Amino acid sequence: MSASTWSIQPNDQERLVKAAFEAKEFAYARYSRFRVGAALLTTTGDVVKGANIENASYGGTICAERTALVKAVSEGTRSFTALAVVTDVASAISPCGMCRQVIREFCAPNMPILLVPADYEKRLAEGHVNGGIKETSIGELLPDSFGPEDLDLPRGQ
């Protein structure tokens with residue numbers, strides 16, 4: 001665990017990781033062939049899944065992390081405990097810049113973000129601690145960030 005994140009229960013972490021893998025199966029990655037799954041744990045214990053959905057115009061593509069956040073927020077949920085992200089790559093892959101900014105909008109700076117390698121299950125079976133998950137936070141991924149509270153700051157003349 002990163003020193004700057006709060007912790008989540010092991011069973012919640014496992015549920016979240018499993019849900020991210022499940023979400024990845026529904027990715028529509030026709031152009032990049034880069035599937036991503038994300039899962040958000042809400043403060044009520046619910047899990048919201050998202051997958052990347054590509055578009056022929058490329059600009060219309062939405063990443064898995066933003067898909068999960070948009071689904072949750074559009075249904076009235078705006079309080080989260082953790083986020084897990086998984087790809088088909090054997091190393092932990094971090095959210096893109098646009099996703100980082102959207103995560104920053106809705107998640108606490110020290111909320112755990114679990115970057116899960118594609119071979120997570122294999123690593124666990126081989127005895128690797130935590131299956132190779134890299135735990136971070138939006139505070140670490142987007143330091144000195146701009147957020148909604150900055151819009152409330154006084155402005156000079």
# chains A, B, ... in the order shown; residues from 1 in each chain; ligands from 1

call {"tool": "residues_around", "arguments": {"residues": "Ala64 in chain A", "least_positions_apart": "6", "cutoff": "7 Å", "atoms": "only C-alpha atoms", "output": "list in words"}}
result
Val36, Gly37, Ala38, Gly50, Ala51 and Asn52 of chain A

call {"tool": "residues_around", "arguments": {"residues": "range 24-27 of chain A", "least_positions_apart": "6", "cutoff": "12 Å", "atoms": "only C-alpha atoms", "output": "JSON, numbers by chain"}}
result
{"A": [17, 18, 33, 34, 35, 36, 37, 38, 39, 49, 50, 51, 52, 53, 54, 55, 61, 62, 63, 64, 65, 67, 68, 84, 85, 86, 87, 88, 89, 116, 118]}

call {"tool": "select_by_dssp", "arguments": {"residues": "chain A", "states": "alpha helix (DSSP H)", "output": "PyMOL selection string"}}
result
chain A and resi 10-24+64-74+97-106+120-125+138-141

call {"tool": "closest_atom_pairs", "arguments": {"of": "range 25-95 of chain A", "to": "range 5-14 of chain A", "cutoff": "8 Å", "atoms": "only C-alpha atoms", "output": "JSON lines"}}
result
{"residue": "A:Leu41", "atom": "CA", "partner": "A:Asp12", "partner_atom": "CA", "distance": 7.9}
{"residue": "A:Thr81", "atom": "CA", "partner": "A:Ile8", "partner_atom": "CA", "distance": 7.6}
{"residue": "A:Ala82", "atom": "CA", "partner": "A:Ile8", "partner_atom": "CA", "distance": 7.5}

call {"tool": "write_last_selection", "arguments": {"atoms": "all heavy atoms", "output": "short mmCIF file (atom, residue, chain, number, x, y, z; two decimals), in the first residue's frame"}}
result
data_model
loop_
_atom_site.label_atom_id
_atom_site.label_comp_id
_atom_site.auth_asym_id
_atom_site.auth_seq_id
_atom_site.Cartn_x
_atom_site.Cartn_y
_atom_site.Cartn_z
N LEU A 41 -15.41 1.19 -6.32
CA LEU A 41 -16.10 0.77 -5.10
C LEU A 41 -16.71 2.02 -4.48
O LEU A 41 -16.00 2.99 -4.19
CB LEU A 41 -15.12 0.11 -4.13
CG LEU A 41 -15.69 -0.38 -2.81
CD1 LEU A 41 -16.72 -1.48 -3.03
CD2 LEU A 41 -14.56 -0.86 -1.90
N THR A 81 -14.69 4.71 -2.66
CA THR A 81 -13.70 4.19 -1.72
C THR A 81 -12.42 3.73 -2.42
O THR A 81 -11.34 3.82 -1.85
CB THR A 81 -14.31 3.02 -0.94
OG1 THR A 81 -15.49 3.48 -0.29
CG2 THR A 81 -13.36 2.49 0.11
N ALA A 82 -12.55 3.21 -3.65
CA ALA A 82 -11.36 2.72 -4.37
C ALA A 82 -11.71 2.53 -5.84
O ALA A 82 -12.88 2.44 -6.22
CB ALA A 82 -10.88 1.40 -3.78
#

call {"tool": "residues_around", "arguments": {"residues": "Thr43 in chain A", "least_positions_apart": "3", "cutoff": "10 Å", "atoms": "only C-alpha atoms", "output": "number ranges by chain"}}
result
A: 40, 46-47, 77-82

call {"tool": "atom_distance", "arguments": {"atom1": "CA of Leu16 in chain A", "atom2": "CA of Gly45 in chain A"}}
result
10.2 Å

call {"tool": "residues_around", "arguments": {"residues": "Ile93 in chain A", "least_positions_apart": "2", "cutoff": "7 Å", "atoms": "only C-alpha atoms", "output": "number ranges by chain"}}
result
A: 91, 95, 115

call {"tool": "closest_residue", "arguments": {"among": "A:Met98, A:Val48, A:Ile133, A:Ala90", "to": "Glu75 in chain A", "atoms": "only C-alpha atoms"}}
result
A:Val48

call {"tool": "residues_around", "arguments": {"residues": "range 134-144 of chain A", "least_positions_apart": "5", "cutoff": "8 Å", "atoms": "only C-alpha atoms", "output": "PyMOL selection string"}}
result
chain A and resi 1-2+4-5+92+100-101+103-104+107-116

call {"tool": "select_by_dssp", "arguments": {"residues": "range 9-151 of chain A", "states": "strand (DSSP E or B)", "output": "number ranges by chain"}}
result
A: 28, 36-42, 47-51, 53, 62, 80-87, 112-116, 134-137

call {"tool": "atom_distance", "arguments": {"atom1": "CA of Asp152 in chain A", "atom2": "CA of Gly97 in chain A"}}
result
23.3 Å

call {"tool": "closest_residue", "arguments": {"among": "A:Cys99, A:Gly132, A:Arg30, A:Val73", "to": "Ser57 in chain A", "atoms": "only C-alpha atoms"}}
result
A:Arg30

call {"tool": "residues_around", "arguments": {"residues": "Glu149 in chain A", "least_positions_apart": "5", "cutoff": "12 Å", "atoms": "only C-alpha atoms", "output": "VMD selection string"}}
result
chain A and resid 104 to 106 154

call {"tool": "closest_residue", "arguments": {"among": "A:Tyr120, A:Val70, A:Ser94, A:Thr42", "to": "Phe21 in chain A", "atoms": "only C-alpha atoms"}}
result
A:Tyr120
